[in-house]
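Chemist: The structure follows.
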Amino acid sequence: MTTHPDPVRDTPEAYSAPSQPAEPSLPQPVAPTAPAQPAPAVWTEGVDTVPRADGTPGELQPYTELGLRDDEYDRIRQILGRRPTQSELAMYSIMWSEHCSYKSSKVHLRQFGEKAPQSDRLLAGIGENAGVVQISDELAVTFKVESHNHPSFVEPYQGAATGVGGIVRDILAMGARPVAVMDPLRFGAADHPDTARVLTGVVAGVGGYGNCLGLPNIGGELVFDPSYQGNPLLNALCLGVLPVSRLQNKAAVGPGNVVVLMGAKTGRDGIGGVSVLASATFDEGSEARRPAVQVGDPFIEKLLIEACLELYDAQLVAGIQDLGGAGLTCALTETAAAAGTGMRVWLERVPLREPSMDPHEILASESQERMLLVVEPDKLDAVLKTCEKWGVLATAIGEVTAPEPDGRPGRLLITWQDHLVVDVPPGSLVDDGPVYARPMREPADLILLQADRAETLPRPADPEALRETVLRMIASPNLADKTWVTEQYDRYVLGNTVLAQPEDGGVIRIDERTGLGVALSVDGNGRYARLDPYNGTKLALAEAYRNVAVTGAKPIAVTDCLNFGSPEDPGVMWQFAEAVRGLADGCLELGIPVTGGNVSFYNQTGAAPIHPTPVVGVLGVLDNVADRVPMGFVPRAGGDHDQLY
Amino acid sequence: MPRVVVDVMLKPEILDPQGQAVANALPRLGVGDVASVRIGRRIEIEFTGEPDLDRAREIADKLLANPVIEDFTVRLVEADETADARS
Amino acid sequence: MPRVVVDVMLKPEILDPQGQAVANALPRLGVGDVASVRIGRRIEIEFTGEPDLDRAREIADKLLANPVIEDFTVRLVEADETADARS
Amino acid sequence: MTARVGVVTFPGSLDDGDAARAVRIAGAEPVRLWHGDPQLHGVDAVVLPGGFSYGDYLRCGAIARFAPVMETIVDAAQGGLPVLGICNGFQILCEAHLLPGALTRNQHLHFRNRDQVLRIESAGTAWTNAFQPGQEVLIPVKNGEGCYVADTATLDQLEAEGRVVARYVGGNPNGSQRDIAAITNAAGNVVGIMPHPEHAVEALTGPSLDGLGFFTSVLKHLVGAPA
Ligand SMILES: Nc1ncnc2c1ncn2[C@@H]1O[C@H](COP(=O)(O)OP(=O)(O)O)[C@@H](O)[C@H]1O
């Protein structure tokens, strides 16, 4: 469906690695306090419309500040045959950001598909909101791990909370009821003052949101390492369950169908967040970016879940997509592009929290707890009624339109109070973003690091030294009891948690009748990956696989969250490429597919990247959870214990 | 003894789920004429000696308010406003 | 437009762990002259028409405060005190 | 006739399904009640489940108290209908003044989930008659605002009238006054409990089966009660 030549640059020399936009020279369009104005003053007089863009081809646009390169901007002009409007520019900058377009990672991630073993269980795979795996004739599960690293550093509680909220909506969008969460975490040194701020905030946020949604937390990781000091990692995994027949699709099918926005009102949350927070490194400028933080409302999300599930069961939904990092922009373009249809949207119909918002702000807003539905016109009333029952706002904001007569995909037309502000081919934002084969080079210090082998470390030679070593290990925060964290999470809610902390893998009962259930584990080892990203990633996979297998489950699917530094650093890019290769090879060897995941780049402080941290989640099936194998030996009543010597 | 009161409110553009939930509940109490409800924190600080506004401002900035999402005001209040005048 | 502000504080005899936690953290910030910290809620109500103190008192009594553990005060505040005067 | 036990779902209720399951395992028929429907549909008893009704914003249970179903429940409870409030349900019962006192923020300020030993202090209520007085049971706690407070006179009265139903043993998880985990009204038909008996009804998913006693108690109570 690509309507434009693939802009992949094969030769590294073909481009100079772009530097991330330095400190913007123009006022940054990210602070809600100073409403976003990524435009010269003339625009403030009114809305920048398509006709106006046609008539003012030479107008200066702040695309650099929005993270777009010269050639990317040129491509937008070429696609549109004119300069983009302010709204269109915002949309392209978001959709073509690293976070949304996977422009640096795409060429590598292809291996997951190419090397994936055949699986007839896979109902939805990479490219969907989350992979869906069939586990019985009637039932399927879906799971995915995602990052919310940068927001969790800026505002730990809300960053973590909305991280959980976001992954839960991905799972919900597949037609599943979310049934469990996990949270792999990385922090700086345990005794660093800022760790006290970030750790407590993140844990409270994960708990605050997950507990309030009623999702048991069945595992995670807690690792301290100075490499994460200025860039902690909050990865969140969600597991969902669905009847196979309830699988949902994001495609905005059926011209004439109604486009419904459901959930919270739209405010100035996180405007610019996606292009700035998720893709930029932290430096002195991060202070100014702070207001881009979103605030979550788990209560609304809980209602959203119940309302959506009721809509699915009543077969009222033709297509559905969650609103995530890129808000309406992403949801509108992805749903239309997936169906090849067009869309007509009346933007002033979007319920606003702040009436003064401009069209491009509405399109870029990252307000949480929203979903986009595509609904057949005669089902609209029933949809609105269900939403009302659950106290969830739902508003018809647009209509699906037909593809072009010649069979080409339709266009996305957005008006704002009768002014045409967007007229784009939706696929150009979703599928035709830039793709880079970035230069890669093994980090220069790797040889030295690898030469410094464990064998050269002094070994405890006498009981005293041994004692010393044991004490040091026991005192390590990375080996210490995790109860302080896990006690803040509800593990019992929903009544199906068979294994959770401190077990190696979590086990959830899926079907009360048959005992069918799944086991899950997430693991990663940044230090190992730093020394050898290829094998370090395989190790993470192997650990998660083992942790699932020892519960008695058969591992069947993989999800991953790849946390790395800047892709513009050839050393980081090499680590990334090696990690992907390792995971793809490992999955091939073990015979299980990667079903989905997430890439998080720009995890670094200044020029110093975090340890490459691929986090791997493995899911396994237990035909009967009663047969699960717990970590400890369970004493039998009557004292007739099995003994092991 | 006068005290220092620090009022911490979410910045106007930040979502206030608490206030929202209360506003939504009001019609059930038969209240229909409320346009908006915002909920924040009120912190009363008593000093051992003279109340110290600057000190209070510093505490508010560092500890009581989260500058990422909240604004605050600091003011002196006579003891009776805070304690006795409650209905 | 003036708003109604409802201040809700725990009754003096009820333990306030949050205030306690803040008070305990102060010495670490180098603040030694604070005798006590109490943390309550500040609720700003905007009416569609004229601000209605009686109505606000009723809402406070029924919903905003729990009389078992909390006291409240209700007062009118000019818009600029609540919004702009924040430091 | 199997007893019919209503389980209320408020927006934000989370443990409603678990409470219904516990009712079923105990041998009764769970009947789901909706917050917006004032009818009780002829149920013999009601469980107000755990969760975050209305997001638990403002104060836990403060908004749920005004749900249409609560008005009916308050009347019925005053007329003797057995009502069990678990966690958020306990908070709602206090806010609705069916039980004295209030539940406040945990003293340590964290949400805490752990398996907790309780001592049943009163086996005379509609929800605890299957236990022996003094019996210790293991049941999960999980709450952020589970610290029970009341003025001294109320606490003394609760003690004197035997209305402290359960106490925390081996560590108080939230700072509750006098280690109180559960209380009852004067008639013994309304019980509020902070820990979650509905999470201790299956060997596979709970730390014990001790929670079942609360649900079998009400069945015993209903059989014994005059029709
Ligand atoms: N952030 C977290 N959230 C939830 N559970 C966690 C978290 N961190 C650790 N855990 C859980 O605590 C237990 C112990 O963790 P850990 O010591 O890392 O296990 P192991 O060393 O066996 O891999 C495991 O069950 C793990 O899932």
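Just remember, in the structure tokens the first chain shown is A, the second B, etc., residues are 1-based per chain, and ligands are 1-based in the order shown.
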I need the chain C residues near chain B as a list in words; criterion: at most 6 Å, counting only C-alpha atoms.
Modeler: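 Per the criterion, chain C yields Asp33, Val34, Ala35, Ser36, Val37, Arg38, Ile39, Gly40, Arg41, Arg42, Ile43, Glu44, Ile45, Glu46, Phe47, Thr48, Phe72, Thr73, Arg86 and Ser87 of chain C.
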Chemist: Write a file of the selected residues as a PDB file, in the first residue's frame, keeping N, CA and C atoms.
Modeler:
ATOM      1  N   ASP C  33      12.611  24.397  62.780  1.00  0.00           N
ATOM      2  CA  ASP C  33      11.757  25.209  63.645  1.00  0.00           C
ATOM      3  C   ASP C  33      10.271  25.027  63.367  1.00  0.00           C
ATOM      4  N   VAL C  34       9.907  23.861  62.858  1.00  0.00           N
ATOM      5  CA  VAL C  34       8.491  23.602  62.624  1.00  0.00           C
ATOM      6  C   VAL C  34       7.950  22.723  63.732  1.00  0.00           C
ATOM      7  N   ALA C  35       6.862  23.158  64.331  1.00  0.00           N
ATOM      8  CA  ALA C  35       6.301  22.423  65.453  1.00  0.00           C
ATOM      9  C   ALA C  35       5.328  21.347  64.982  1.00  0.00           C
ATOM     10  N   SER C  36       4.533  21.680  63.953  1.00  0.00           N
ATOM     11  CA  SER C  36       3.614  20.655  63.465  1.00  0.00           C
ATOM     12  C   SER C  36       3.167  20.957  62.054  1.00  0.00           C
ATOM     13  N   VAL C  37       2.805  19.911  61.346  1.00  0.00           N
ATOM     14  CA  VAL C  37       2.283  20.025  59.989  1.00  0.00           C
ATOM     15  C   VAL C  37       1.001  19.207  59.930  1.00  0.00           C
ATOM     16  N   ARG C  38      -0.049  19.809  59.416  1.00  0.00           N
ATOM     17  CA  ARG C  38      -1.301  19.079  59.236  1.00  0.00           C
ATOM     18  C   ARG C  38      -1.720  19.210  57.778  1.00  0.00           C
ATOM     19  N   ILE C  39      -2.164  18.129  57.214  1.00  0.00           N
ATOM     20  CA  ILE C  39      -2.515  18.164  55.794  1.00  0.00           C
ATOM     21  C   ILE C  39      -3.988  17.835  55.609  1.00  0.00           C
ATOM     22  N   GLY C  40      -4.652  18.718  54.901  1.00  0.00           N
ATOM     23  CA  GLY C  40      -6.069  18.496  54.627  1.00  0.00           C
ATOM     24  C   GLY C  40      -6.363  18.722  53.164  1.00  0.00           C
ATOM     25  N   ARG C  41      -7.643  18.915  52.865  1.00  0.00           N
ATOM     26  CA  ARG C  41      -8.046  19.112  51.479  1.00  0.00           C
ATOM     27  C   ARG C  41      -8.562  20.524  51.286  1.00  0.00           C
ATOM     28  N   ARG C  42      -8.288  21.077  50.123  1.00  0.00           N
ATOM     29  CA  ARG C  42      -8.860  22.357  49.745  1.00  0.00           C
ATOM     30  C   ARG C  42      -9.686  22.108  48.499  1.00  0.00           C
ATOM     31  N   ILE C  43     -10.952  22.463  48.562  1.00  0.00           N
ATOM     32  CA  ILE C  43     -11.845  22.195  47.438  1.00  0.00           C
ATOM     33  C   ILE C  43     -12.367  23.526  46.903  1.00  0.00           C
ATOM     34  N   GLU C  44     -12.133  23.778  45.638  1.00  0.00           N
ATOM     35  CA  GLU C  44     -12.620  25.005  45.009  1.00  0.00           C
ATOM     36  C   GLU C  44     -13.854  24.679  44.184  1.00  0.00           C
ATOM     37  N   ILE C  45     -14.944  25.356  44.507  1.00  0.00           N
ATOM     38  CA  ILE C  45     -16.197  25.096  43.791  1.00  0.00           C
ATOM     39  C   ILE C  45     -16.577  26.324  42.985  1.00  0.00           C
ATOM     40  N   GLU C  46     -16.804  26.117  41.714  1.00  0.00           N
ATOM     41  CA  GLU C  46     -17.288  27.197  40.878  1.00  0.00           C
ATOM     42  C   GLU C  46     -18.745  26.923  40.563  1.00  0.00           C
ATOM     43  N   PHE C  47     -19.598  27.895  40.800  1.00  0.00           N
ATOM     44  CA  PHE C  47     -21.011  27.720  40.489  1.00  0.00           C
ATOM     45  C   PHE C  47     -21.306  28.255  39.100  1.00  0.00           C
ATOM     46  N   THR C  48     -22.376  27.773  38.505  1.00  0.00           N
ATOM     47  CA  THR C  48     -22.736  28.299  37.178  1.00  0.00           C
ATOM     48  C   THR C  48     -23.220  29.729  37.307  1.00  0.00           C
ATOM     49  N   PHE C  72     -14.724  21.316  58.696  1.00  0.00           N
ATOM     50  CA  PHE C  72     -14.530  22.105  57.476  1.00  0.00           C
ATOM     51  C   PHE C  72     -14.909  23.559  57.679  1.00  0.00           C
ATOM     52  N   THR C  73     -14.389  24.399  56.819  1.00  0.00           N
ATOM     53  CA  THR C  73     -14.813  25.800  56.739  1.00  0.00           C
ATOM     54  C   THR C  73     -15.185  26.092  55.288  1.00  0.00           C
ATOM     55  N   ARG C  86      -0.585  32.364  42.843  1.00  0.00           N
ATOM     56  CA  ARG C  86       0.318  31.250  43.174  1.00  0.00           C
ATOM     57  C   ARG C  86       1.739  31.579  42.811  1.00  0.00           C
ATOM     58  N   SER C  87       2.607  31.208  43.683  1.00  0.00           N
ATOM     59  CA  SER C  87       4.013  31.510  43.401  1.00  0.00           C
ATOM     60  C   SER C  87       4.610  30.386  42.586  1.00  0.00           C
TER      61      SER C  87
END
Chemist: Counting only C-alpha atoms, collect the residues of chain C whose closest atom lies at most 10 Å from chain D, and write them out as a list of chain:residue names.
Modeler: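 Selected residues: C:Glu13, C:Ile14, C:Leu15, C:Asp16, C:Pro17, C:Gln18, C:Gln20, C:Ala21, C:Arg41, C:Ile43, C:Lys62, C:Leu63, C:Leu64, C:Ala65, C:Asn66, C:Pro67, C:Val68, C:Ile69.
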Chemist: Take the residues just selected and output them with N, CA and C atoms as a CSV table (one decimal), in the first residue's frame.
Modeler:
chain,number,residue,atom,x,y,z
C,13,GLU,N,-7.8,15.7,67.1
C,13,GLU,CA,-7.4,14.5,67.8
C,13,GLU,C,-7.2,13.3,66.9
C,14,ILE,N,-7.4,13.5,65.6
C,14,ILE,CA,-7.2,12.4,64.7
C,14,ILE,C,-5.7,12.5,64.2
C,15,LEU,N,-5.1,11.3,64.2
C,15,LEU,CA,-3.7,11.3,63.8
C,15,LEU,C,-3.6,11.6,62.3
C,16,ASP,N,-2.6,12.4,61.9
C,16,ASP,CA,-2.5,12.7,60.5
C,16,ASP,C,-1.1,12.2,60.0
C,17,PRO,N,-1.1,11.0,59.5
C,17,PRO,CA,0.2,10.3,59.1
C,17,PRO,C,0.9,11.1,58.0
C,18,GLN,N,0.2,11.7,57.1
C,18,GLN,CA,0.8,12.4,56.0
C,18,GLN,C,1.5,13.7,56.6
C,20,GLN,N,2.5,14.1,59.6
C,20,GLN,CA,3.6,13.6,60.4
C,20,GLN,C,4.8,13.3,59.5
C,21,ALA,N,4.5,12.6,58.4
C,21,ALA,CA,5.6,12.2,57.5
C,21,ALA,C,6.4,13.5,57.0
C,41,ARG,N,-7.6,18.9,52.9
C,41,ARG,CA,-8.0,19.1,51.5
C,41,ARG,C,-8.6,20.5,51.3
C,43,ILE,N,-11.0,22.5,48.6
C,43,ILE,CA,-11.8,22.2,47.4
C,43,ILE,C,-12.4,23.5,46.9
C,62,LYS,N,-22.5,17.1,53.5
C,62,LYS,CA,-22.9,15.7,53.1
C,62,LYS,C,-21.8,14.9,52.5
C,63,LEU,N,-21.0,15.6,51.7
C,63,LEU,CA,-20.1,14.8,50.8
C,63,LEU,C,-18.6,15.1,51.1
C,64,LEU,N,-18.2,16.4,51.1
C,64,LEU,CA,-16.8,16.8,51.1
C,64,LEU,C,-16.1,16.4,52.4
C,65,ALA,N,-16.8,16.5,53.5
C,65,ALA,CA,-16.1,16.2,54.8
C,65,ALA,C,-16.8,15.0,55.4
C,66,ASN,N,-16.1,14.2,56.2
C,66,ASN,CA,-16.7,13.2,57.0
C,66,ASN,C,-16.7,13.7,58.4
C,67,PRO,N,-17.8,14.0,58.9
C,67,PRO,CA,-17.9,14.6,60.3
C,67,PRO,C,-17.3,13.8,61.4
C,68,VAL,N,-17.2,12.5,61.1
C,68,VAL,CA,-16.6,11.6,62.1
C,68,VAL,C,-15.1,12.0,62.4
C,69,ILE,N,-14.4,12.4,61.3
C,69,ILE,CA,-13.0,12.6,61.5
C,69,ILE,C,-12.6,14.0,61.0
Chemist: Using only C-alpha atoms, find each residue in chain A having at least one atom no more than 9 Å away from chain D; report its shortest atom-to-atom pair and that distance in Å (one decimal), rows by chain then rising number, as CSV.
Modeler:
residue,atom,partner,partner_atom,distance
A:Ala204,CA,D:His110,CA,7.8
A:Gly207,CA,D:Phe111,CA,7.8
A:Gly208,CA,D:Phe111,CA,8.2
A:Asn211,CA,D:Gly51,CA,8.4
A:Cys212,CA,D:Phe52,CA,5.9
A:Leu213,CA,D:Leu14,CA,7.4
A:Gly214,CA,D:Leu14,CA,5.2
A:Leu215,CA,D:Leu14,CA,8.7
A:Asp297,CA,D:Gly55,CA,8.2
A:Pro298,CA,D:Gly55,CA,7.3
A:Phe299,CA,D:Gly55,CA,4.7
A:Ile300,CA,D:Gly55,CA,8.0
A:Lys302,CA,D:Gly12,CA,6.4
A:Leu303,CA,D:Pro11,CA,6.8
A:Trp390,CA,D:Pro11,CA,7.2
A:Gly391,CA,D:Pro11,CA,8.4
A:Thr486,CA,D:Asn113,CA,8.0
A:Glu487,CA,D:Asn113,CA,4.8
A:Gln488,CA,D:Phe111,CA,4.9
A:Tyr489,CA,D:Asn113,CA,6.4
A:Asp490,CA,D:Asn113,CA,5.9
A:Arg491,CA,D:Asn113,CA,7.5
A:Tyr492,CA,D:His199,CA,6.5
A:Val493,CA,D:Asp15,CA,6.1
A:Leu494,CA,D:Asp18,CA,6.0
A:Gly495,CA,D:Asp18,CA,5.8
A:Asn496,CA,D:Thr205,CA,6.1
A:Thr497,CA,D:Thr205,CA,5.5
A:Val498,CA,D:Thr205,CA,4.9
A:Leu499,CA,D:Thr205,CA,7.8
A:Arg509,CA,D:Thr205,CA,8.9
A:Val625,CA,D:Leu204,CA,8.3
A:Ala626,CA,D:Leu204,CA,6.8
Chemist: Take the selection from the previous step and output its residues with N, CA and C atoms, as a short mmCIF file (atom, residue, chain, number, x, y, z; two decimals), in the first residue's frame.
Modeler:
data_model
loop_
_atom_site.label_atom_id
_atom_site.label_comp_id
_atom_site.auth_asym_id
_atom_site.auth_seq_id
_atom_site.Cartn_x
_atom_site.Cartn_y
_atom_site.Cartn_z
N ALA A 204 4.59 3.49 43.54
CA ALA A 204 3.26 3.96 43.93
C ALA A 204 2.38 4.14 42.69
N GLY A 207 1.36 0.68 41.30
CA GLY A 207 0.34 0.14 42.21
C GLY A 207 -0.94 0.95 42.15
N GLY A 208 -0.80 2.26 42.19
CA GLY A 208 -1.97 3.11 42.22
C GLY A 208 -2.89 2.86 41.04
N ASN A 211 -3.79 -1.32 40.87
CA ASN A 211 -4.69 -1.72 41.95
C ASN A 211 -6.09 -1.16 41.71
N CYS A 212 -6.13 0.07 41.26
CA CYS A 212 -7.42 0.74 41.08
C CYS A 212 -8.17 0.15 39.89
N LEU A 213 -7.44 -0.42 38.93
CA LEU A 213 -8.08 -1.08 37.79
C LEU A 213 -8.52 -2.49 38.15
N GLY A 214 -8.00 -2.99 39.26
CA GLY A 214 -8.33 -4.35 39.63
C GLY A 214 -7.57 -5.38 38.82
N LEU A 215 -6.30 -5.13 38.57
CA LEU A 215 -5.48 -6.08 37.85
C LEU A 215 -4.39 -6.60 38.77
N ASP A 297 -6.30 8.67 35.02
CA ASP A 297 -7.47 8.49 35.86
C ASP A 297 -7.91 7.03 35.74
N PRO A 298 -7.36 6.18 36.62
CA PRO A 298 -7.64 4.74 36.49
C PRO A 298 -9.12 4.41 36.61
N PHE A 299 -9.84 5.24 37.31
CA PHE A 299 -11.28 5.00 37.46
C PHE A 299 -11.97 5.05 36.10
N ILE A 300 -11.64 6.07 35.32
CA ILE A 300 -12.22 6.16 33.97
C ILE A 300 -11.79 4.97 33.13
N LYS A 302 -11.10 1.98 34.14
CA LYS A 302 -11.87 0.81 34.57
C LYS A 302 -13.25 0.82 33.90
N LEU A 303 -13.87 1.97 33.85
CA LEU A 303 -15.18 2.07 33.21
C LEU A 303 -15.06 1.83 31.70
N TRP A 390 -22.24 3.03 31.68
CA TRP A 390 -21.00 2.97 32.45
C TRP A 390 -20.46 4.36 32.79
N GLY A 391 -21.20 5.38 32.42
CA GLY A 391 -20.75 6.73 32.73
C GLY A 391 -19.53 7.15 31.93
N THR A 486 6.58 -5.29 46.23
CA THR A 486 5.46 -6.14 45.81
C THR A 486 4.27 -6.06 46.76
N GLU A 487 4.51 -5.68 48.00
CA GLU A 487 3.40 -5.50 48.94
C GLU A 487 2.49 -4.35 48.55
N GLN A 488 3.01 -3.47 47.72
CA GLN A 488 2.18 -2.32 47.33
C GLN A 488 1.28 -2.65 46.15
N TYR A 489 1.40 -3.90 45.67
CA TYR A 489 0.58 -4.32 44.54
C TYR A 489 -0.43 -5.36 44.99
N ASP A 490 -1.63 -5.23 44.46
CA ASP A 490 -2.68 -6.22 44.70
C ASP A 490 -2.40 -7.45 43.84
N ARG A 491 -2.23 -8.60 44.48
CA ARG A 491 -1.99 -9.79 43.70
C ARG A 491 -3.22 -10.69 43.68
N TYR A 492 -4.22 -10.39 44.51
CA TYR A 492 -5.33 -11.31 44.69
C TYR A 492 -6.55 -10.99 43.84
N VAL A 493 -6.68 -9.73 43.46
CA VAL A 493 -7.91 -9.30 42.80
C VAL A 493 -8.18 -10.17 41.56
N LEU A 494 -9.42 -10.40 41.29
CA LEU A 494 -9.94 -11.27 40.23
C LEU A 494 -9.94 -12.75 40.63
N GLY A 495 -9.20 -13.06 41.70
CA GLY A 495 -9.30 -14.41 42.24
C GLY A 495 -8.78 -15.53 41.36
N ASN A 496 -7.87 -15.19 40.45
CA ASN A 496 -7.33 -16.23 39.57
C ASN A 496 -5.81 -16.32 39.64
N THR A 497 -5.22 -15.65 40.61
CA THR A 497 -3.77 -15.66 40.72
C THR A 497 -3.32 -16.94 41.41
N VAL A 498 -2.67 -17.79 40.64
CA VAL A 498 -2.23 -19.08 41.18
C VAL A 498 -0.80 -18.97 41.69
N LEU A 499 0.05 -18.26 40.95
CA LEU A 499 1.39 -17.97 41.44
C LEU A 499 1.69 -16.50 41.17
N ARG A 509 -5.04 -18.34 36.34
CA ARG A 509 -6.07 -19.26 35.85
C ARG A 509 -6.94 -18.50 34.86
N VAL A 625 -4.07 -25.50 35.81
CA VAL A 625 -3.20 -24.76 36.74
C VAL A 625 -3.03 -25.48 38.08
N ALA A 626 -3.90 -26.44 38.35
CA ALA A 626 -3.73 -27.21 39.59
C ALA A 626 -2.40 -27.98 39.55
#
Chemist: Quick one: residues within 8 Å of ligand 1, with only C-alpha atoms and all ligand atoms, as a compact mmCIF listing (two decimals) with N, CA and C atoms, in the first residue's frame?
Modeler:
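Saved to part_5.txt:
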# COMPACT_ATOMS: atom_id res chain seq x y z
N MET A 182 2.53 -6.93 34.93
CA MET A 182 3.86 -7.15 35.48
C MET A 182 4.67 -5.89 35.22
N ASP A 183 5.71 -5.67 36.01
CA ASP A 183 6.44 -4.42 35.86
C ASP A 183 7.95 -4.56 36.05
N PRO A 184 8.66 -4.80 34.96
CA PRO A 184 10.13 -4.79 35.04
C PRO A 184 10.63 -3.36 35.24
N LEU A 185 11.40 -3.15 36.32
CA LEU A 185 11.87 -1.80 36.67
C LEU A 185 13.38 -1.75 36.76
N VAL A 203 6.82 3.03 41.93
CA VAL A 203 6.14 1.89 42.54
C VAL A 203 4.71 2.30 42.96
N ASN A 217 -1.00 -7.88 40.08
CA ASN A 217 0.39 -7.79 39.64
C ASN A 217 1.03 -9.13 39.98
N ILE A 218 1.52 -9.82 38.95
CA ILE A 218 2.00 -11.19 39.21
C ILE A 218 3.50 -11.34 39.01
N GLY A 219 4.21 -10.21 38.92
CA GLY A 219 5.67 -10.34 38.83
C GLY A 219 6.28 -9.13 38.18
N GLY A 220 7.59 -9.15 38.13
CA GLY A 220 8.29 -8.03 37.54
C GLY A 220 9.75 -8.14 37.89
N GLU A 221 10.44 -7.04 37.76
CA GLU A 221 11.85 -7.04 38.12
C GLU A 221 12.17 -5.74 38.84
N LEU A 222 13.18 -5.79 39.67
CA LEU A 222 13.63 -4.60 40.37
C LEU A 222 15.16 -4.64 40.39
N VAL A 223 15.77 -3.79 39.58
CA VAL A 223 17.22 -3.82 39.44
C VAL A 223 17.78 -2.41 39.63
N ASN A 478 20.18 -5.56 44.76
CA ASN A 478 19.67 -6.38 43.67
C ASN A 478 19.32 -7.80 44.11
N LEU A 479 19.84 -8.20 45.27
CA LEU A 479 19.50 -9.53 45.76
C LEU A 479 18.54 -9.46 46.93
N ALA A 480 18.31 -8.26 47.40
CA ALA A 480 17.50 -8.12 48.61
C ALA A 480 16.04 -8.48 48.34
N ASP A 481 15.34 -8.72 49.41
CA ASP A 481 13.92 -9.01 49.36
C ASP A 481 13.17 -7.88 48.66
N LYS A 482 12.22 -8.25 47.80
CA LYS A 482 11.49 -7.24 47.03
C LYS A 482 10.14 -6.90 47.66
N THR A 483 9.92 -7.38 48.87
CA THR A 483 8.58 -7.25 49.45
C THR A 483 8.12 -5.80 49.57
N VAL A 485 8.37 -3.52 47.61
CA VAL A 485 7.70 -3.16 46.35
C VAL A 485 6.44 -3.99 46.15
N THR A 486 6.58 -5.29 46.23
CA THR A 486 5.46 -6.14 45.81
C THR A 486 4.27 -6.06 46.76
N TYR A 489 1.40 -3.90 45.67
CA TYR A 489 0.58 -4.32 44.54
C TYR A 489 -0.43 -5.36 44.99
N ALA A 500 2.36 -15.87 42.13
CA ALA A 500 2.83 -14.49 41.93
C ALA A 500 4.10 -14.34 42.75
N GLN A 501 4.50 -13.12 43.04
CA GLN A 501 5.70 -12.91 43.83
C GLN A 501 5.63 -13.76 45.09
N PRO A 502 6.71 -14.35 45.52
CA PRO A 502 8.08 -14.27 44.97
C PRO A 502 8.42 -15.40 44.00
N GLU A 503 7.45 -15.95 43.33
CA GLU A 503 7.71 -17.06 42.41
C GLU A 503 8.49 -16.56 41.19
N ASP A 504 9.15 -17.50 40.50
CA ASP A 504 9.91 -17.12 39.31
C ASP A 504 9.01 -16.72 38.16
N GLY A 505 7.85 -17.33 38.10
CA GLY A 505 6.90 -16.96 37.06
C GLY A 505 5.54 -16.77 37.68
N GLY A 506 4.75 -15.88 37.12
CA GLY A 506 3.37 -15.72 37.59
C GLY A 506 2.47 -16.70 36.85
N SER A 521 6.63 -14.78 32.55
CA SER A 521 7.81 -14.25 33.25
C SER A 521 8.44 -13.18 32.38
N VAL A 522 8.97 -12.13 33.00
CA VAL A 522 9.73 -11.13 32.26
C VAL A 522 11.12 -11.05 32.86
N ASP A 523 12.11 -11.04 32.01
CA ASP A 523 13.48 -11.00 32.50
C ASP A 523 14.37 -10.20 31.57
Chemist: Report as a PyMOL selection string: the residues of chain B with a DSSP assignment of strand (DSSP E), based on the backbone of this structure.
Modeler: chain B and resi 3-10+34-47+70-77
Chemist: A:Leu247, A:Ile414, A:Ala608, A:Leu619: which is nearest A:Tyr228, counting only C-alpha atoms?
Modeler: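 Closest candidate: A:Ala608.
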Chemist: Between atom CA of D:Gln177 and atom CA of D:Leu99, what is the distance, to one decimal in Å?
Modeler: 15.3 Å
Chemist: Identify all residues of chain C in helix (DSSP H, G or I) (DSSP on the backbone) and supply them as a PyMOL selection string.
Modeler: chain C and resi 17-29+53-64+79-82
Chemist: Can you pull out the residues contacting stretch 92-109 of chain A? Cut-off 8 Å, using only C-alpha atoms, and skip same-chain residues under 3 positions away; I want them as a ChimeraX atom specification.
Modeler: /A:63,66-68,76,88-89,112-113,272,274-275,278-279,326,329-330,364,429-430,433-438,567,577,580-581,599-601
Chemist: Which is closest to chain A among B:Val77, B:Ala60, B:Leu53, B:Leu10, if we use only C-alpha atoms?
Modeler: B:Leu10
Chemist: Give me the residues within 10 Å of D:His41 as an MDAnalysis selection string, counting only C-alpha atoms and dropping any in the same chain fewer than 2 places off.
Modeler: chainID D and resid 4 6 31:33 37:39 43:44
Chemist: Record the distance separating atom CA of A:Met357 and atom CA of A:Glu334, expressed in Å with one decimal.
Modeler: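 For atom CA of A:Met357 relative to atom CA of A:Glu334, the distance reads 23.3 Å.
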Chemist: Could you name the residues that touch A:Pro425 at 10 Å or less, counting only C-alpha atoms, but leaving out those on the same chain fewer than 6 positions away, as a PyMOL selection string?
Modeler: chain A and resi 3+79-80+333+336-337+340-343+408-413
